[in-house]
Structures are given as structure tokens and as C-alpha cells.
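Source file: work-v3.tsv. Holds: TSV, C-alpha atoms.
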```tsv
chain	number	residue	atom	x	y	z
A	1	MET	CA	21.98	18.94	-47.57
A	2	SER	CA	21.13	16.13	-50.01
A	3	GLN	CA	17.93	14.16	-49.59
A	4	LYS	CA	19.96	11.06	-48.67
A	5	LEU	CA	21.87	12.86	-45.91
A	6	LYS	CA	18.65	14.42	-44.61
A	7	THR	CA	17.04	10.96	-44.42
A	8	LEU	CA	20.03	9.58	-42.52
A	9	ALA	CA	19.90	12.51	-40.11
A	10	ASP	CA	16.20	11.94	-39.48
A	11	ILE	CA	16.85	8.26	-38.76
A	12	ALA	CA	19.61	9.17	-36.31
A	13	VAL	CA	17.25	11.50	-34.43
A	14	ILE	CA	14.59	8.79	-34.20
A	15	VAL	CA	17.11	6.20	-32.93
A	16	ALA	CA	18.42	8.64	-30.31
A	17	SER	CA	14.88	9.42	-29.13
A	18	LEU	CA	14.00	5.74	-28.80
A	19	SER	CA	17.22	5.05	-26.89
A	20	ALA	CA	16.47	7.88	-24.46
A	21	ALA	CA	12.94	6.58	-23.93
A	22	ALA	CA	14.27	3.09	-23.25
A	23	ILE	CA	16.67	4.45	-20.64
A	24	VAL	CA	13.82	6.32	-18.90
A	25	VAL	CA	11.71	3.14	-18.80
A	26	LEU	CA	14.64	1.12	-17.43
A	27	LEU	CA	15.36	3.63	-14.68
A	28	PHE	CA	11.67	3.84	-13.77
A	29	SER	CA	11.45	0.04	-13.50
A	30	GLN	CA	14.62	-0.22	-11.46
A	31	ARG	CA	13.33	2.29	-8.97
A	32	PHE	CA	10.59	-0.10	-7.92
A	33	ILE	CA	11.81	-3.60	-8.70
A	34	GLY	CA	15.59	-3.32	-8.86
A	35	SER	CA	17.83	-4.68	-11.57
A	36	GLY	CA	17.47	-8.13	-13.04
A	37	SER	CA	20.78	-9.20	-11.51
A	38	GLY	CA	19.34	-9.20	-8.00
A	39	THR	CA	21.19	-6.12	-6.78
A	40	GLU	CA	18.97	-3.31	-5.59
A	41	SER	CA	18.63	-0.09	-7.53
A	42	ALA	CA	20.59	2.90	-6.30
A	43	ASN	CA	17.25	4.71	-6.04
A	44	ALA	CA	15.67	2.06	-3.83
A	45	GLN	CA	15.52	2.62	-0.09
A	46	VAL	CA	16.44	-0.36	2.05
A	47	VAL	CA	15.08	-0.64	5.59
A	48	ASP	CA	17.38	-3.05	7.42
A	49	ASP	CA	15.19	-3.42	10.51
A	50	TRP	CA	11.97	-3.78	8.53
A	51	GLU	CA	10.79	-6.84	10.50
A	52	GLN	CA	9.88	-4.64	13.46
A	53	TYR	CA	7.36	-2.80	11.28
A	54	ALA	CA	5.80	-6.12	10.23
A	55	SER	CA	5.55	-7.48	13.77
A	56	THR	CA	2.56	-5.32	14.73
A	57	GLY	CA	-0.60	-4.37	12.88
A	58	HIS	CA	-3.36	-6.24	11.09
A	59	ARG	CA	-1.93	-9.27	9.32
A	60	ILE	CA	-3.39	-11.55	6.65
A	61	GLY	CA	-2.02	-14.19	4.31
A	62	SER	CA	0.63	-16.84	4.77
A	63	GLU	CA	1.71	-17.69	8.30
A	64	THR	CA	5.19	-18.58	7.00
A	65	PRO	CA	5.67	-16.08	4.16
A	66	ALA	CA	8.65	-15.73	1.89
A	67	VAL	CA	7.45	-12.19	1.19
A	68	THR	CA	5.93	-9.78	3.69
A	69	ILE	CA	4.31	-6.59	2.43
A	70	VAL	CA	3.65	-3.82	4.94
A	71	GLU	CA	1.48	-0.82	4.13
A	72	PHE	CA	1.16	2.35	6.17
A	73	GLY	CA	-2.16	3.58	4.83
A	74	ASP	CA	-4.97	6.08	5.21
A	75	TYR	CA	-8.62	5.38	4.41
A	76	GLN	CA	-9.13	8.86	2.96
A	77	CYS	CA	-6.18	8.45	0.59
A	78	PRO	CA	-7.26	7.78	-3.01
A	79	TYR	CA	-3.92	6.11	-3.75
A	80	CYS	CA	-4.48	3.59	-0.94
A	81	ARG	CA	-7.83	2.80	-2.53
A	82	GLU	CA	-6.13	2.38	-5.91
A	83	TRP	CA	-3.44	0.12	-4.42
A	84	GLN	CA	-5.87	-2.23	-2.65
A	85	PRO	CA	-6.80	-4.42	-5.67
A	86	HIS	CA	-3.14	-5.03	-6.43
A	87	ILE	CA	-2.35	-6.38	-2.99
A	88	GLU	CA	-5.53	-8.46	-3.01
A	89	ALA	CA	-4.39	-9.98	-6.32
A	90	MET	CA	-1.03	-10.97	-4.81
A	91	LEU	CA	-2.70	-12.55	-1.78
A	92	ARG	CA	-4.92	-14.63	-4.05
A	93	LYS	CA	-2.08	-15.65	-6.35
A	94	TYR	CA	0.49	-16.45	-3.65
A	95	PRO	CA	-1.52	-17.66	-0.62
A	96	ASP	CA	1.40	-19.73	0.70
A	97	ASP	CA	4.15	-17.19	0.05
A	98	VAL	CA	2.81	-13.70	0.75
A	99	ALA	CA	1.66	-12.00	3.96
A	100	PHE	CA	0.23	-8.50	4.15
A	101	VAL	CA	0.33	-6.20	7.16
A	102	PHE	CA	-1.77	-3.05	7.28
A	103	ARG	CA	-0.85	-0.25	9.67
A	104	HIS	CA	-2.68	3.03	10.14
A	105	PHE	CA	-1.13	6.28	8.97
A	106	PRO	CA	-4.01	8.80	8.99
A	107	LEU	CA	-2.58	12.03	7.60
A	108	GLU	CA	-3.31	15.30	9.39
A	109	THR	CA	-4.41	16.81	6.09
A	110	HIS	CA	-7.20	14.22	5.83
A	111	ASP	CA	-9.82	15.27	8.35
A	112	LEU	CA	-11.77	12.00	8.15
A	113	ALA	CA	-8.85	9.59	8.18
A	114	TYR	CA	-8.45	9.13	11.94
A	115	SER	CA	-12.17	8.55	12.50
A	116	ALA	CA	-12.17	5.99	9.68
A	117	ALA	CA	-9.19	4.23	11.25
A	118	ARG	CA	-11.06	4.28	14.57
A	119	ALA	CA	-14.05	2.66	12.86
A	120	ALA	CA	-11.82	-0.05	11.43
A	121	GLU	CA	-10.46	-0.76	14.90
A	122	CYS	CA	-14.00	-0.81	16.32
A	123	ALA	CA	-14.93	-3.39	13.68
A	124	GLY	CA	-11.75	-5.25	14.52
A	125	ASN	CA	-12.84	-5.47	18.15
A	126	GLN	CA	-15.61	-7.72	16.88
A	127	GLY	CA	-13.35	-9.71	14.58
A	128	ARG	CA	-14.38	-7.87	11.41
A	129	PHE	CA	-11.38	-5.68	10.64
A	130	TRP	CA	-10.57	-7.11	7.21
A	131	PRO	CA	-14.14	-7.13	5.87
A	132	PHE	CA	-14.53	-3.51	7.03
A	133	HIS	CA	-11.13	-2.60	5.56
A	134	ARG	CA	-12.16	-3.99	2.19
A	135	GLU	CA	-15.57	-2.34	2.27
A	136	ILE	CA	-14.28	1.16	2.93
A	137	LEU	CA	-11.43	0.91	0.43
A	138	GLY	CA	-13.77	-0.62	-2.13
A	139	ASP	CA	-15.97	2.49	-2.27
A	140	PRO	CA	-14.37	4.94	-4.76
A	141	ASN	CA	-16.63	7.78	-3.62
A	142	TRP	CA	-16.27	7.46	0.14
A	143	LEU	CA	-15.94	10.87	1.82
A	144	GLY	CA	-17.00	10.22	5.40
A	145	ASP	CA	-20.53	8.89	5.32
A	146	ALA	CA	-21.67	5.26	5.22
A	147	ILE	CA	-19.40	4.15	8.08
A	148	THR	CA	-22.34	2.37	9.74
A	149	GLU	CA	-23.33	0.78	6.44
A	150	PHE	CA	-19.80	-0.48	5.93
A	151	ALA	CA	-19.88	-2.03	9.41
A	152	VAL	CA	-23.20	-3.78	8.75
A	153	THR	CA	-22.01	-5.07	5.36
A	154	ALA	CA	-18.75	-6.21	6.96
A	155	GLY	CA	-20.71	-8.36	9.40
A	156	VAL	CA	-20.27	-6.39	12.63
A	157	ARG	CA	-22.84	-8.03	14.89
A	158	ASP	CA	-23.30	-5.64	17.79
A	159	MET	CA	-23.88	-2.24	16.23
A	160	ALA	CA	-24.64	-0.61	19.58
A	161	VAL	CA	-21.16	-1.54	20.80
A	162	PHE	CA	-19.71	-0.39	17.47
A	163	ASP	CA	-21.48	2.98	17.71
A	164	ASP	CA	-20.28	3.50	21.29
A	165	CYS	CA	-16.74	2.66	20.24
A	166	LEU	CA	-16.95	5.08	17.31
A	167	ALA	CA	-18.28	7.86	19.53
A	168	ASP	CA	-15.29	7.63	21.87
A	169	GLU	CA	-12.99	10.46	20.77
A	170	SER	CA	-10.00	9.48	22.90
A	171	PRO	CA	-6.80	8.38	21.08
A	172	VAL	CA	-6.83	4.77	19.95
A	173	PRO	CA	-3.70	2.92	21.21
A	174	ALA	CA	-3.34	0.78	18.07
A	175	ILE	CA	-3.54	3.83	15.79
A	176	GLU	CA	-1.14	5.82	17.95
A	177	GLU	CA	1.35	2.94	17.88
A	178	ASP	CA	1.13	2.79	14.08
A	179	LEU	CA	1.59	6.55	13.80
A	180	ALA	CA	4.69	6.40	15.98
A	181	ALA	CA	6.08	3.58	13.84
A	182	ALA	CA	5.42	5.57	10.65
A	183	MET	CA	7.28	8.54	12.10
A	184	LYS	CA	10.20	6.33	13.12
A	185	LEU	CA	10.30	4.82	9.64
A	186	GLY	CA	10.32	8.27	8.07
A	187	ALA	CA	7.15	7.72	6.07
A	188	ARG	CA	6.32	10.81	4.03
A	189	GLY	CA	2.93	9.93	2.60
A	190	THR	CA	0.40	7.20	1.90
A	191	PRO	CA	0.66	4.52	0.97
A	192	THR	CA	4.17	3.87	2.27
A	193	ILE	CA	5.01	0.30	1.31
A	194	LEU	CA	7.65	-2.14	2.51
A	195	ILE	CA	8.29	-5.32	0.53
A	196	ASN	CA	10.74	-7.42	2.53
A	197	GLY	CA	12.40	-4.20	3.61
A	198	MET	CA	12.40	-2.38	0.27
A	199	MET	CA	10.48	0.86	0.80
A	200	SER	CA	8.56	2.82	-1.80
A	201	TYR	CA	5.84	5.46	-1.84
A	202	GLY	CA	2.60	5.52	-3.79
A	203	VAL	CA	0.86	2.85	-5.81
A	204	VAL	CA	2.88	-0.15	-7.00
A	205	ASP	CA	0.79	-1.74	-9.74
A	206	SER	CA	0.29	-5.48	-10.16
A	207	ILE	CA	3.06	-5.91	-12.73
A	208	ARG	CA	5.74	-4.22	-10.64
A	209	LEU	CA	4.39	-5.72	-7.42
A	210	GLU	CA	4.53	-9.24	-8.84
A	211	ALA	CA	8.06	-8.60	-10.15
A	212	ALA	CA	9.10	-7.52	-6.64
A	213	VAL	CA	7.42	-10.59	-5.12
A	214	GLN	CA	9.09	-12.90	-7.65
A	215	ARG	CA	12.49	-11.42	-6.87
A	216	ALA	CA	11.94	-11.94	-3.15
A	217	LEU	CA	10.83	-15.56	-3.44
A	218	PRO	CA	13.46	-18.26	-2.81
```

Give the structure from this file in C-alpha cells form.
Amino acid sequence: MSQKLKTLADIAVIVASLSAAAIVVLLFSQRFIGSGSGTESANAQVVDDWEQYASTGHRIGSETPAVTIVEFGDYQCPYCREWQPHIEAMLRKYPDDVAFVFRHFPLETHDLAYSAARAAECAGNQGRFWPFHREILGDPNWLGDAITEFAVTAGVRDMAVFDDCLADESPVPAIEEDLAAAMKLGARGTPTILINGMMSYGVVDSIRLEAAVQRALP
């Protein structure tokens, strides 16, 4: 083969490789944010009755949102911890357009998850759910200790009541309701995320999350 033909062949291989890479990136993006035309990706999972999953749980953000994000999460899940800053960024950027609903989905494989969810509910009984939620997810090394410290930092006033609540090992109705909803939804892991009824699993970073929010806005 002449040097000229060899050079042309090398260029063709490079062009083909770049085209394949571009296709992979496009498919990956469509999986989470759909196509630019507004039609949903074939890989996306649509939950038609998603409003029922947003009607219960701990809610924050806009009272009249254009976009509602629901998370079924687990405090022992590192991916839930990784996802938290992204949702916080959206709530700050779109205070009038975005609402966030957190629902408990403590996995059986995480031995500390249910007790952590119980602690969050105990803090919530004193009006401090969201500060506690942020404290526990904000600690990258949390593995079961410091629950009391989180409660104090979160502003729980009556620690005796909190400790008694935490010591109660009976099922927590709010957690059980969330677990039942996760099972009905068919959630397979944490975080399971619904964005106006579009369901995905795992961390959706700020770029893809904002693209999804922008697509859902009027």
C-alpha cells in the first residue's frame, strides 16, 4: 500500500472512531434527558401516575412547581450522598419552579439505613427533618455514629424526646408507607428519581438534571 493510501486509511479509521464515540455520547444523554425535540428517549421510563408518589413524603421548594423531583433514597447509600448537592443546586437556582420530595427507601443490604431513616423522622417530629437530612448526607464518612451530633447540629431542641424516639424499634409508619410506595413503583435501587414522571436510577449530575428541568419548564 502506498504512503498516500495508508494515510487515507488511517484518517478513515479516526473518523469512524470519532463518529462511534459521538453516537455513544448521544445515546447516553438521551437516556437521561431525552431528545432535543421534546420526545422522550426510548430508553426512558415514563411513570404515568407519578403524582401519587409526590403527594406524600418530605417536601421542600416551590408550592406551585412546574417541576417536581421525587427521590426514593437511603442514608447509607453513597450515591444518595453524591446526588444531594445537585438537587440542592436546583432548589437554589429555581426556587419558584422546582419542588423536591424525599421518600425513604432503606435497602435491606444497608444495616444502618432504617435506623438512620428513623432518626430523620424523629428529628422531623420536632420540625427539623430537612436540617437533619442535610447533615447526615453532608458527611461523606458517615457509617452509623454521630446520629446524636447530627440532631444537635440540626437544631433538635428536646434531645431526651429524640433519644426515646430513636430507641423505639417498632416500624415507623412514614417509612413503611414509603417502602410500600417504592415497591409499587418498582424501584430497584437508590437513589430512584422521578422528574415529572420520568424515572431514572443513580446519580443525575447537575448538567443533566438542569437539562431535564429546563425541558420540563413551560

Can you pull out every residue within 10 Å of Leu112 (chain A), counting all atoms listed in the file, but drop anything in the same chain fewer than 5 positions away, and send it as a list of chain:residue names?
A:Asp74, A:Tyr75, A:Gln76, A:Pro106, A:Leu107, A:Ala117, A:Leu143, A:Gly144, A:Asp145

Between A:Cys122, A:Ala89, A:Ile60, A:Val152, which one has atoms that come closest to Phe102 (chain A), using only C-alpha atoms?
A:Ile60

Work out how far CA of Pro65 (chain A) is from CA of Pro218 (chain A), in Å to one decimal.
10.7 Å

For Leu194 (chain A), list every protein, DNA or RNA residue within 7 Å, evaluated using all atoms listed in the file, and leave out those in the same chain fewer than 2 positions away; present the list as a short mmCIF file (atom, residue, chain, number, x, y, z; two decimals) with C-alpha atoms, in the coordinates of the input.
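This went into around23.cif:
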```
data_model
loop_
_atom_site.label_atom_id
_atom_site.label_comp_id
_atom_site.auth_asym_id
_atom_site.auth_seq_id
_atom_site.Cartn_x
_atom_site.Cartn_y
_atom_site.Cartn_z
CA ILE A 69 4.31 -6.59 2.43
CA VAL A 70 3.65 -3.82 4.94
CA GLU A 71 1.48 -0.82 4.13
CA THR A 192 4.17 3.87 2.27
CA ASN A 196 10.74 -7.42 2.53
CA GLY A 197 12.40 -4.20 3.61
CA MET A 198 12.40 -2.38 0.27
CA MET A 199 10.48 0.86 0.80
CA SER A 200 8.56 2.82 -1.80
#
```

When distances are computed from only C-alpha atoms, which of A:Arg81, A:Arg59, A:Lys184, A:His86 shows the smallest separation from Gly138 (chain A)?
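Distance minimum relative to Gly138 (chain A) lands on A:Arg81.
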
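The closest residue to Ser55 (chain A), picked from A:Ala181, A:Ala120, A:Met159, A:Cys77 and counting all atoms listed in the file, is A:Ala181.
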
In Å, with one decimal, what is the gap from CA of Asp96 (chain A) to CA of Thr64 (chain A)?
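According to the coordinates, CA of Asp96 (chain A) and CA of Thr64 (chain A) are separated by 7.4 Å.
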
Any idea what's packed within 9 Å of Trp83 (chain A), counting all atoms listed in the file, ignoring anything in its chain fewer than 6 positions away? Could you give it as an MDAnalysis selection string?
chainID A and resid 191 202:206

Neighbour list for Leu91 (chain A) as a PyMOL selection string, cut-off 10 Å, only C-alpha atoms, skip fewer than 6 positions in-chain:
chain A and resi 60-62+85+97-100

Of A:Asp139, A:Asp158, A:Glu121, A:Glu149, the one nearest to Gly57 (chain A) when counting all atoms listed in the file is A:Glu121

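Taking CA of Glu135 (chain A) and CA of Ala212 (chain A) as the two end points, the separation is 26.7 Å.
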